[in-house]
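Notes for the one structure printed next.
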Amino acid sequence: MTAHPSTTTTVPRRGDGDPSTKRPFAATGALLLGAALLSVVGYVVLGSHFGWPDVLDEPGTGALDAYIAAEPAIRAGFYLMTLASLSLLVAAFGLHAVVGRDGAWARAVTAVGALGAFAQLLGWLRWVTAVPVQAELWTQAGADPVARHAVATAYDTLNAYAGATLGEHLGWLLQGIWAVGIGVLLLRTRQVPSWFGVIGLALATGWAVLVPIGTAADVAWAETLGVAVLYTVWFVWVGALGLLLLGRGRRRTGTG
């Protein structure tokens with residue numbers, strides 16, 4: 001009897017080195033690290049040249065003068081914030097692939113994260129598209145009280161919608177849900193050390209609760225603790241997560 005060679009094939013398991021199944025650790029890590037760095041630099045630029053974020057509470061009569069006084073630096077700062085939100089939008093899909101969960105809950109978390117980043121992105125863009133036009137009209141109005149009142153009112157209306165509604169309320173809420181959700185997914189799938197995941201989840205839960213309360217209900221201490229402390233530290237954690245995923249991606253590339 002002639003022996004036939006075995007035709008049994010071994011199907012590579014997910015993540016065992018098959019290039020088609022490798023998760024985008026490096027790309028996602030680079031996006032998260034980039035988002036964190038862009039956000040920090042943008043915050044420093046806007047804080048030093050525009051009194052950010054306190055200027056958001058100023059009426060158009062004061063905010064437009066401050067904007068005109070340092071417009072090039074302010075526009076550069078908001079471009080950086082826009083790029084940070086865009087990076088987070090793409091990173092939301094990358095993290096979905098990293099955790100390797102295709103269930104409805106994981107997809108919902110990803111969608112919420114992308115929508116939150118998009119809402120904040122729209123809020124940032126007003127400063128480099130609409131507000132420059134308003135600033136020019138404010139300058140042209142000169143001492144005309146009627147014209148200046150009209151421009152200031154237009155600024156206040158845009159700030160209330162694009163800033164308070166899109167960026168602060170909807171953007172914060174959706175990003176908070178995503179931050180908590182992705183923290184849970186990272187812990188459940190053990191893609192990061194447990195202690196690191198717990199820190200991220202705790203920070204996300206803290207600011208996801210305090211920031212909406214502070215911004216929507218105008219509770220000063222909640223907004224200060226949520227934004228100035230917890231959210232800032234969480235973004236440092238996001239950058240660290242990016243470095244962690246970059247390291248894993250490089251190790252896989254070197255051994256795959």
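Identifiers in this document derive from the order of the structure tokens: chains are assigned A, B, ..., residues are numbered from 1 separately in each chain, and ligands are numbered from 1 in order of occurrence.
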
Residues at most 8 Å from Leu210 of chain A, counting only C-alpha atoms, excluding those fewer than 6 positions away in the same chain, as a PDB file with N, CA and C atoms, in the first residue's frame?
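Okay, out-v8.pdb is ready:
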ATOM      1  N   ALA A 222     -16.176  70.737  40.555  1.00  0.00           N
ATOM      2  CA  ALA A 222     -16.223  69.501  39.779  1.00  0.00           C
ATOM      3  C   ALA A 222     -15.534  69.687  38.431  1.00  0.00           C
ATOM      4  N   GLU A 223     -15.764  70.843  37.810  1.00  0.00           N
ATOM      5  CA  GLU A 223     -15.128  71.111  36.524  1.00  0.00           C
ATOM      6  C   GLU A 223     -13.618  71.253  36.686  1.00  0.00           C
ATOM      7  N   LEU A 225     -11.616  69.999  39.143  1.00  0.00           N
ATOM      8  CA  LEU A 225     -11.017  68.704  39.455  1.00  0.00           C
ATOM      9  C   LEU A 225     -11.070  67.770  38.260  1.00  0.00           C
ATOM     10  N   GLY A 226     -12.187  67.793  37.537  1.00  0.00           N
ATOM     11  CA  GLY A 226     -12.347  66.885  36.402  1.00  0.00           C
ATOM     12  C   GLY A 226     -11.437  67.219  35.243  1.00  0.00           C
TER      13      GLY A 226
END

Tell me which protein, DNA and RNA residues are within 12 Å of segment 216-219 of chain A, counting only C-alpha atoms, leaving out same-chain ones fewer than 4 positions away, and put them as number ranges by chain. A: 57, 164-165, 167-170, 172-173, 209-212, 223-226

From a DSSP calculation on the backbone, collect every residue of segment 2-238 of chain A in helix (DSSP H, G or I) and output the set as an NGL selection string. :A and (19-21 or 25-50 or 54-57 or 60-69 or 71-99 or 104-141 or 145-189 or 194-216 or 220-238)

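Between Arg248 of chain A and the residues A:Phe50, A:Tyr79, A:Tyr161, A:Phe25, the shortest atom-to-atom distance, using only C-alpha atoms, involves A:Phe25.
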
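When only C-alpha atoms are used to compute distances to Asp54 of chain A, the closest of the residues A:Ile199, A:Ala36, A:Ala228, A:Val41 turns out to be A:Ala228.
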
Which neighbours of segment 116-129 of chain A fall inside 10 Å, counting only C-alpha atoms, when residues of the same chain fewer than 6 positions from it are skipped, and could you give them as JSON, numbers by chain? {"A": [67, 71, 72, 74, 75, 76, 77, 78, 79, 80, 81, 82, 83, 84, 85, 86, 87, 88, 89, 90, 91, 92, 110, 158, 159, 161, 162, 163, 164, 165, 166, 167, 168, 169, 170, 171, 172, 173, 174, 175, 176, 177, 178]}

Just the selected residues (C-alpha atoms), exported as a short mmCIF file (atom, residue, chain, number, x, y, z; two decimals), in the first residue's frame, please.
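part-v1.cif was written with the following content:
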data_model
loop_
_atom_site.label_atom_id
_atom_site.label_comp_id
_atom_site.auth_asym_id
_atom_site.auth_seq_id
_atom_site.Cartn_x
_atom_site.Cartn_y
_atom_site.Cartn_z
CA TYR A 67 -8.27 86.63 19.90
CA GLU A 71 -4.46 85.38 16.39
CA PRO A 72 -1.57 83.50 14.68
CA ILE A 74 -4.21 80.98 18.80
CA ARG A 75 -5.03 79.53 15.40
CA ALA A 76 -1.92 77.34 15.59
CA GLY A 77 -3.00 76.10 19.02
CA PHE A 78 -6.45 75.18 17.79
CA TYR A 79 -5.02 73.40 14.77
CA LEU A 80 -3.01 71.29 17.20
CA MET A 81 -6.16 70.49 19.20
CA THR A 82 -7.96 69.61 15.97
CA LEU A 83 -5.20 67.19 15.00
CA ALA A 84 -5.31 65.68 18.49
CA SER A 85 -9.04 64.96 18.19
CA LEU A 86 -8.56 63.60 14.67
CA SER A 87 -5.85 61.27 15.97
CA LEU A 88 -8.18 60.05 18.73
CA LEU A 89 -10.95 59.46 16.20
CA VAL A 90 -8.76 57.11 14.17
CA ALA A 91 -7.24 55.59 17.32
CA ALA A 92 -10.72 54.59 18.50
CA THR A 110 -15.78 52.36 19.34
CA LEU A 158 -21.58 80.34 17.95
CA ASN A 159 -19.65 79.83 21.19
CA TYR A 161 -23.51 76.03 20.18
CA ALA A 162 -20.12 74.87 18.87
CA GLY A 163 -18.39 75.25 22.22
CA ALA A 164 -20.85 74.45 24.96
CA THR A 165 -23.16 72.10 23.05
CA LEU A 166 -20.81 70.21 20.74
CA GLY A 167 -17.44 70.42 22.43
CA GLU A 168 -18.21 70.60 26.14
CA HIS A 169 -21.51 68.75 26.53
CA LEU A 170 -21.73 66.21 23.69
CA GLY A 171 -17.98 65.83 23.18
CA TRP A 172 -17.16 65.37 26.87
CA LEU A 173 -20.07 62.98 27.41
CA LEU A 174 -19.26 60.71 24.47
CA GLN A 175 -15.51 60.73 25.09
CA GLY A 176 -16.12 59.92 28.75
CA ILE A 177 -18.24 56.89 27.86
CA TRP A 178 -15.56 55.75 25.41
#

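Between atom CA of Ala179 of chain A and atom CA of Val238 of chain A the interatomic distance comes to 9.7 Å.
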
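Proximity of A:Leu245, A:Ala108, A:Ile213, A:Val180 to Phe93 of chain A, computed with only C-alpha atoms, is greatest for A:Ala108.
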
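For the residues A:Gly103, A:Leu137, A:Ala208, A:Ala97, ranking by smallest atom-to-atom distance to Val227 of chain A using only C-alpha atoms places A:Ala208 first.
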
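From atom CA of Val229 of chain A back to atom CA of Tyr43 of chain A, the distance works out to 13.6 Å.
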
Contacts of Gly242 of chain A within 10 Å, only C-alpha atoms, excl. fewer than 4 positions in-chain, as a PyMOL selection string: chain A and resi 25-36+91+236-238+246-248
